[in-house]
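Visitor: Structure file coords-v2.pdb (PDB, C-alpha atoms, pLDDT in the B column) is given on the next line.
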MODEL        1
ATOM      1  CA  MET A1025      72.788  97.943  77.999  1.00 54.00           C
ATOM      2  CA  ASN A1026      73.265  97.292  81.695  1.00 58.00           C
ATOM      3  CA  LEU A1027      75.305 100.261  82.914  1.00 64.00           C
ATOM      4  CA  ASN A1028      76.297  98.503  86.122  1.00 90.00           C
ATOM      5  CA  LEU A1029      77.771  95.650  84.104  1.00 91.00           C
ATOM      6  CA  LEU A1030      79.604  98.067  81.806  1.00 93.00           C
ATOM      7  CA  ASP A1031      80.962 100.088  84.742  1.00 94.00           C
ATOM      8  CA  SER A1032      82.083  96.890  86.477  1.00 94.00           C
ATOM      9  CA  MET A1033      83.799  95.570  83.357  1.00 96.00           C
ATOM     10  CA  LEU A1034      85.538  98.901  82.693  1.00 97.00           C
ATOM     11  CA  ALA A1035      86.792  99.048  86.286  1.00 97.00           C
ATOM     12  CA  LEU A1036      87.920  95.406  86.411  1.00 97.00           C
ATOM     13  CA  HIS A1037      89.556  95.769  83.015  1.00 98.00           C
ATOM     14  CA  ALA A1038      91.456  98.894  84.082  1.00 98.00           C
ATOM     15  CA  VAL A1039      92.544  97.330  87.386  1.00 98.00           C
ATOM     16  CA  SER A1040      93.716  94.029  85.873  1.00 98.00           C
ATOM     17  CA  THR A1041      95.507  95.795  83.007  1.00 98.00           C
ATOM     18  CA  LEU A1042      97.235  98.289  85.303  1.00 98.00           C
ATOM     19  CA  MET A1043      98.261  95.493  87.673  1.00 98.00           C
ATOM     20  CA  MET A1044      99.768  93.581  84.732  1.00 98.00           C
ATOM     21  CA  THR A1045     101.502  96.763  83.567  1.00 98.00           C
ATOM     22  CA  GLY A1046     103.115  97.248  86.966  1.00 98.00           C
ATOM     23  CA  LEU A1047     104.025  93.589  87.220  1.00 98.00           C
ATOM     24  CA  ILE A1048     105.633  93.450  83.783  1.00 98.00           C
ATOM     25  CA  TRP A1049     107.731  96.545  84.540  1.00 98.00           C
ATOM     26  CA  MET A1050     108.948  94.979  87.793  1.00 98.00           C
ATOM     27  CA  VAL A1051     109.784  91.765  85.946  1.00 98.00           C
ATOM     28  CA  GLN A1052     111.527  93.668  83.139  1.00 98.00           C
ATOM     29  CA  VAL A1053     113.734  95.992  85.165  1.00 97.00           C
ATOM     30  CA  VAL A1054     114.247  93.987  88.373  1.00 97.00           C
ATOM     31  CA  HIS A1055     113.415  90.307  88.197  1.00 96.00           C
ATOM     32  CA  TYR A1056     114.611  89.081  84.775  1.00 96.00           C
ATOM     33  CA  PRO A1057     117.942  90.948  84.874  1.00 95.00           C
ATOM     34  CA  LEU A1058     118.664  89.370  88.267  1.00 95.00           C
ATOM     35  CA  PHE A1059     118.423  85.885  86.716  1.00 96.00           C
ATOM     36  CA  ALA A1060     122.042  86.354  85.650  1.00 93.00           C
ATOM     37  CA  ARG A1061     123.064  86.836  89.305  1.00 94.00           C
ATOM     38  CA  VAL A1062     121.452  83.711  90.826  1.00 94.00           C
ATOM     39  CA  GLY A1063     124.351  81.344  90.324  1.00 91.00           C
ATOM     40  CA  GLU A1064     124.493  78.239  88.182  1.00 92.00           C
ATOM     41  CA  ALA A1065     124.205  75.722  91.035  1.00 94.00           C
ATOM     42  CA  GLU A1066     120.940  77.226  92.315  1.00 95.00           C
ATOM     43  CA  PHE A1067     119.489  78.320  88.998  1.00 96.00           C
ATOM     44  CA  ARG A1068     117.318  75.319  88.073  1.00 96.00           C
ATOM     45  CA  ASP A1069     115.505  75.423  91.396  1.00 96.00           C
ATOM     46  CA  TYR A1070     115.221  79.220  91.216  1.00 96.00           C
ATOM     47  CA  GLU A1071     113.708  79.053  87.721  1.00 97.00           C
ATOM     48  CA  ARG A1072     111.272  76.338  88.779  1.00 95.00           C
ATOM     49  CA  GLN A1073     110.177  78.394  91.791  1.00 96.00           C
ATOM     50  CA  HIS A1074     109.897  81.545  89.655  1.00 96.00           C
ATOM     51  CA  THR A1075     107.680  79.798  87.117  1.00 94.00           C
ATOM     52  CA  ARG A1076     105.447  78.248  89.776  1.00 95.00           C
ATOM     53  CA  ARG A1077     105.062  81.405  91.843  1.00 96.00           C
ATOM     54  CA  ILE A1078     104.657  83.946  89.056  1.00 96.00           C
ATOM     55  CA  THR A1079     101.878  81.840  87.517  1.00 95.00           C
ATOM     56  CA  TRP A1080      99.737  82.431  90.624  1.00 96.00           C
ATOM     57  CA  LEU A1081      99.983  86.184  90.007  1.00 95.00           C
ATOM     58  CA  VAL A1082      99.981  86.380  86.233  1.00 96.00           C
ATOM     59  CA  GLY A1083      97.404  83.677  85.479  1.00 95.00           C
ATOM     60  CA  PRO A1084      94.376  85.225  87.205  1.00 97.00           C
ATOM     61  CA  LEU A1085      95.299  88.733  86.056  1.00 97.00           C
ATOM     62  CA  MET A1086      95.694  87.678  82.428  1.00 96.00           C
ATOM     63  CA  LEU A1087      92.400  85.763  82.558  1.00 97.00           C
ATOM     64  CA  ALA A1088      90.576  88.738  84.095  1.00 98.00           C
ATOM     65  CA  GLU A1089      92.133  91.091  81.576  1.00 98.00           C
ATOM     66  CA  GLY A1090      91.259  88.856  78.631  1.00 97.00           C
ATOM     67  CA  ALA A1091      87.702  88.196  79.832  1.00 98.00           C
ATOM     68  CA  THR A1092      86.949  91.857  80.508  1.00 98.00           C
ATOM     69  CA  ALA A1093      88.503  92.952  77.209  1.00 98.00           C
ATOM     70  CA  THR A1094      86.238  90.463  75.397  1.00 96.00           C
ATOM     71  CA  VAL A1095      83.124  91.530  77.303  1.00 96.00           C
ATOM     72  CA  LEU A1096      83.879  95.188  76.581  1.00 96.00           C
ATOM     73  CA  LEU A1097      84.019  94.427  72.863  1.00 95.00           C
ATOM     74  CA  LEU A1098      80.519  93.007  73.185  1.00 94.00           C
ATOM     75  CA  LEU A1099      79.110  95.781  75.397  1.00 93.00           C
ATOM     76  CA  LEU A1100      80.559  98.921  73.855  1.00 95.00           C
ATOM     77  CA  PRO A1101      78.599 100.501  71.012  1.00 92.00           C
ATOM     78  CA  PRO A1102      80.388 101.471  67.796  1.00 94.00           C
ATOM     79  CA  GLY A1103      82.506 104.570  68.193  1.00 94.00           C
ATOM     80  CA  ALA A1104      85.749 105.810  69.673  1.00 93.00           C
ATOM     81  CA  ALA A1105      85.552 103.752  72.883  1.00 95.00           C
ATOM     82  CA  ARG A1106      84.985 100.524  70.947  1.00 95.00           C
ATOM     83  CA  GLU A1107      87.919 101.357  68.667  1.00 96.00           C
ATOM     84  CA  LEU A1108      90.141 101.803  71.729  1.00 97.00           C
ATOM     85  CA  ALA A1109      88.912  98.451  73.034  1.00 97.00           C
ATOM     86  CA  ILE A1110      89.778  96.793  69.697  1.00 97.00           C
ATOM     87  CA  ILE A1111      93.302  98.266  69.769  1.00 98.00           C
ATOM     88  CA  GLY A1112      93.622  97.005  73.334  1.00 97.00           C
ATOM     89  CA  VAL A1113      92.615  93.484  72.302  1.00 98.00           C
ATOM     90  CA  VAL A1114      95.164  93.525  69.477  1.00 98.00           C
ATOM     91  CA  LEU A1115      97.848  94.500  71.999  1.00 98.00           C
ATOM     92  CA  LEU A1116      96.621  91.782  74.340  1.00 97.00           C
ATOM     93  CA  LEU A1117      97.072  89.257  71.517  1.00 98.00           C
ATOM     94  CA  VAL A1118     100.591  90.626  70.987  1.00 98.00           C
ATOM     95  CA  ASN A1119     101.288  90.020  74.696  1.00 98.00           C
ATOM     96  CA  TRP A1120      99.897  86.495  74.625  1.00 97.00           C
ATOM     97  CA  GLY A1121     101.758  85.685  71.410  1.00 98.00           C
ATOM     98  CA  SER A1122     105.009  87.030  72.828  1.00 98.00           C
ATOM     99  CA  THR A1123     104.460  85.030  76.007  1.00 97.00           C
ATOM    100  CA  ALA A1124     103.705  81.796  74.144  1.00 97.00           C
ATOM    101  CA  PHE A1125     106.316  82.046  71.394  1.00 98.00           C
ATOM    102  CA  LEU A1126     109.179  83.969  73.026  1.00 98.00           C
ATOM    103  CA  GLN A1127     109.137  83.973  76.836  1.00 97.00           C
ATOM    104  CA  VAL A1128     107.740  80.459  77.495  1.00 97.00           C
ATOM    105  CA  PRO A1129     110.394  78.815  75.280  1.00 98.00           C
ATOM    106  CA  CYS A1130     113.089  80.811  77.099  1.00 98.00           C
ATOM    107  CA  HIS A1131     111.773  79.633  80.450  1.00 97.00           C
ATOM    108  CA  ALA A1132     111.621  76.055  79.159  1.00 97.00           C
ATOM    109  CA  ARG A1133     115.300  76.263  78.200  1.00 97.00           C
ATOM    110  CA  LEU A1134     116.214  77.872  81.518  1.00 97.00           C
ATOM    111  CA  SER A1135     114.407  75.132  83.439  1.00 96.00           C
ATOM    112  CA  ARG A1136     117.215  72.824  82.285  1.00 96.00           C
ATOM    113  CA  GLY A1137     119.886  75.147  83.646  1.00 96.00           C
ATOM    114  CA  PHE A1138     121.424  78.575  83.418  1.00 96.00           C
ATOM    115  CA  ASP A1139     122.216  79.895  79.958  1.00 96.00           C
ATOM    116  CA  ARG A1140     123.443  83.494  79.773  1.00 95.00           C
ATOM    117  CA  GLU A1141     122.343  83.882  76.140  1.00 97.00           C
ATOM    118  CA  VAL A1142     118.812  82.683  76.935  1.00 97.00           C
ATOM    119  CA  VAL A1143     118.577  85.113  79.875  1.00 97.00           C
ATOM    120  CA  ARG A1144     119.705  87.904  77.541  1.00 97.00           C
ATOM    121  CA  ARG A1145     117.063  86.833  74.990  1.00 98.00           C
ATOM    122  CA  LEU A1146     114.407  86.695  77.727  1.00 98.00           C
ATOM    123  CA  VAL A1147     115.195  90.242  78.880  1.00 97.00           C
ATOM    124  CA  SER A1148     115.392  91.680  75.367  1.00 98.00           C
ATOM    125  CA  THR A1149     112.234  90.015  73.996  1.00 98.00           C
ATOM    126  CA  ASN A1150     110.263  90.881  77.126  1.00 98.00           C
ATOM    127  CA  TRP A1151     110.388  94.534  76.033  1.00 98.00           C
ATOM    128  CA  ILE A1152     107.637  93.602  73.553  1.00 98.00           C
ATOM    129  CA  ARG A1153     105.294  92.778  76.443  1.00 98.00           C
ATOM    130  CA  THR A1154     106.514  95.696  78.548  1.00 98.00           C
ATOM    131  CA  VAL A1155     105.732  98.237  75.829  1.00 98.00           C
ATOM    132  CA  ALA A1156     102.455  96.580  74.797  1.00 98.00           C
ATOM    133  CA  TRP A1157     101.192  96.382  78.401  1.00 98.00           C
ATOM    134  CA  SER A1158     102.234  99.974  79.009  1.00 98.00           C
ATOM    135  CA  VAL A1159     100.189 101.129  76.027  1.00 98.00           C
ATOM    136  CA  ARG A1160      97.323  98.886  77.184  1.00 98.00           C
ATOM    137  CA  GLY A1161      97.475 100.534  80.610  1.00 98.00           C
ATOM    138  CA  VAL A1162      97.110 103.980  79.083  1.00 98.00           C
ATOM    139  CA  LEU A1163      94.292 102.759  76.817  1.00 97.00           C
ATOM    140  CA  ALA A1164      92.461 101.130  79.750  1.00 98.00           C
ATOM    141  CA  VAL A1165      92.481 104.402  81.696  1.00 97.00           C
ATOM    142  CA  ILE A1166      91.327 106.393  78.658  1.00 97.00           C
ATOM    143  CA  LEU A1167      88.645 103.801  77.923  1.00 97.00           C
ATOM    144  CA  PHE A1168      87.412 104.004  81.511  1.00 96.00           C
ATOM    145  CA  GLU A1169      87.067 107.776  81.116  1.00 95.00           C
ATOM    146  CA  VAL A1170      85.543 107.993  77.618  1.00 95.00           C
ATOM    147  CA  ALA A1171      83.255 104.947  77.478  1.00 93.00           C
ATOM    148  CA  PRO A1172      79.629 106.021  77.029  1.00 89.00           C
ATOM    149  CA  ARG A1173      77.491 105.417  80.103  1.00 77.00           C
TER     150      ARG A1173
ENDMDL
END
Reformat the file's structure so that it appears as structure tokens.
Guide:
Amino acid sequence: MNLNLLDSMLALHAVSTLMMTGLIWMVQVVHYPLFARVGEAEFRDYERQHTRRITWLVGPLMLAEGATATVLLLLLPPGAARELAIIGVVLLLVNWGSTAFLQVPCHARLSRGFDREVVRRLVSTNWIRTVAWSVRGVLAVILFEVAPR
């Protein structure tokens, strides 16, 4: 096993996961709740700008996180570290599933105009991702520390 590759993947995985954890908390407690305060006349443009701009942050981080999580599954030998990596991948799939089946449909509805109920649903269902990414962040740090080198 190439230790430099493993160290690089562990570091990149921890960084991308922790960045997503911080980002999702900011979105959960600041950004999404403020959707209700934008105003109906400006909301469609605001939602469109939100979707376009957040993609430039979230897209590369999610790709890096997913790629490094996959590589770690391949590099880590059987044992506790690999089990942590598997749990992390399961949580990553929870995040992606929540994004695809809960948050993206909410954003699609909001792109047509403000809907208080959809904003409420967006905020409440986003707790799934917030909790899952928080646990992933903890796991990524532990994995970085305990992975055999």
Visitor: Which residue, A:Asn1150, A:Ser1032, A:Thr1092, A:Ser1158, has the smallest gap to A:Val1128 when you use only C-alpha atoms?
Guide: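 Residue with the minimum atom-to-atom distance to A:Val1128: A:Asn1150.
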Visitor: Since I can't run it myself right now, could you work out what the PyMOL selection byres ((chain A and resi 1095) around 12) selects here and report it as number ranges by chain?
Guide: A: 1029-1034, 1036-1037, 1088-1094, 1096-1101, 1106, 1109-1110, 1113
Visitor: Given the choices A:Arg1068, A:Thr1149, A:Phe1168, A:Ala1060, which gets closest to A:Ala1124 if the distance is worked out from all atoms listed in the file?
Guide: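 Of A:Arg1068, A:Thr1149, A:Phe1168, A:Ala1060, the one nearest A:Ala1124, counting all atoms listed in the file, is A:Thr1149.
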Visitor: For atom CA of A:Val1082 and atom CA of A:Leu1108, quote the distance in Å rounded to one decimal.
Guide: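 It comes out at 23.3 Å.
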Visitor: Report as a ChimeraX atom specification all protein, DNA and RNA residues lying within 12 Å of A:Val1062, evaluated on only C-alpha atoms, omitting residues in the same chain fewer than 3 positions from it.
Guide: /A:1055-1059,1065-1071,1074,1137-1140,1143
Visitor: Within 10 Å of A:Val1159, counting all atoms listed in the file, which residues qualify if same-chain residues fewer than 6 places away don't, as a PyMOL selection string?
Guide: chain A and resi 1041+1045+1111-1112+1115+1153
Visitor: Give the answer as one residue: which of A:Ala1105, A:Met1044, A:Leu1134, A:Leu1087 has the shortest atom-to-atom distance to A:Ala1171, using only C-alpha atoms?
Guide: A:Ala1105
Visitor: Quick one: axis-aligned box around all listed atoms of stretch 1081-1088 of chain A, 5 Å on every side, centre and edge lengths in Å to one decimal, written as AutoDock Vina command-line options.
Guide:
--center_x 95.3 --center_y 86.2 --center_z 86.2 --size_x 19.4 --size_y 15.1 --size_z 17.6
Visitor: Distance atom CA of A:Leu1081-atom CA of A:Ser1040, one decimal place?
Guide: 10.9 Å
Visitor: I need the residue set behind the PyMOL selection byres ((chain A and resi 1151) around 12) for this file; please write it as a PyMOL selection string.
Guide: chain A and resi 1045+1048-1053+1056+1118-1119+1122-1123+1126-1127+1144-1150+1152-1158
Visitor: For the residues in that selection, give me C-alpha atoms as a PDB file, in the coordinates of the input.
Guide:
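Once everything was written out, this is out_11.pdb:
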ATOM      1  CA  THR A1045     101.502  96.763  83.567  1.00 98.00           C
ATOM      2  CA  ILE A1048     105.633  93.450  83.783  1.00 98.00           C
ATOM      3  CA  TRP A1049     107.731  96.545  84.540  1.00 98.00           C
ATOM      4  CA  MET A1050     108.948  94.979  87.793  1.00 98.00           C
ATOM      5  CA  VAL A1051     109.784  91.765  85.946  1.00 98.00           C
ATOM      6  CA  GLN A1052     111.527  93.668  83.139  1.00 98.00           C
ATOM      7  CA  VAL A1053     113.734  95.992  85.165  1.00 97.00           C
ATOM      8  CA  TYR A1056     114.611  89.081  84.775  1.00 96.00           C
ATOM      9  CA  VAL A1118     100.591  90.626  70.987  1.00 98.00           C
ATOM     10  CA  ASN A1119     101.288  90.020  74.696  1.00 98.00           C
ATOM     11  CA  SER A1122     105.009  87.030  72.828  1.00 98.00           C
ATOM     12  CA  THR A1123     104.460  85.030  76.007  1.00 97.00           C
ATOM     13  CA  LEU A1126     109.179  83.969  73.026  1.00 98.00           C
ATOM     14  CA  GLN A1127     109.137  83.973  76.836  1.00 97.00           C
ATOM     15  CA  ARG A1144     119.705  87.904  77.541  1.00 97.00           C
ATOM     16  CA  ARG A1145     117.063  86.833  74.990  1.00 98.00           C
ATOM     17  CA  LEU A1146     114.407  86.695  77.727  1.00 98.00           C
ATOM     18  CA  VAL A1147     115.195  90.242  78.880  1.00 97.00           C
ATOM     19  CA  SER A1148     115.392  91.680  75.367  1.00 98.00           C
ATOM     20  CA  THR A1149     112.234  90.015  73.996  1.00 98.00           C
ATOM     21  CA  ASN A1150     110.263  90.881  77.126  1.00 98.00           C
ATOM     22  CA  ILE A1152     107.637  93.602  73.553  1.00 98.00           C
ATOM     23  CA  ARG A1153     105.294  92.778  76.443  1.00 98.00           C
ATOM     24  CA  THR A1154     106.514  95.696  78.548  1.00 98.00           C
ATOM     25  CA  VAL A1155     105.732  98.237  75.829  1.00 98.00           C
ATOM     26  CA  ALA A1156     102.455  96.580  74.797  1.00 98.00           C
ATOM     27  CA  TRP A1157     101.192  96.382  78.401  1.00 98.00           C
ATOM     28  CA  SER A1158     102.234  99.974  79.009  1.00 98.00           C
TER      29      SER A1158
END
Visitor: Would you work out the distance separating atom CA of A:Arg1136 from atom CA of A:Gly1046, expressed in Å to one decimal?
Guide: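 Interatomic distance, atom CA of A:Arg1136 to atom CA of A:Gly1046: 28.6 Å.
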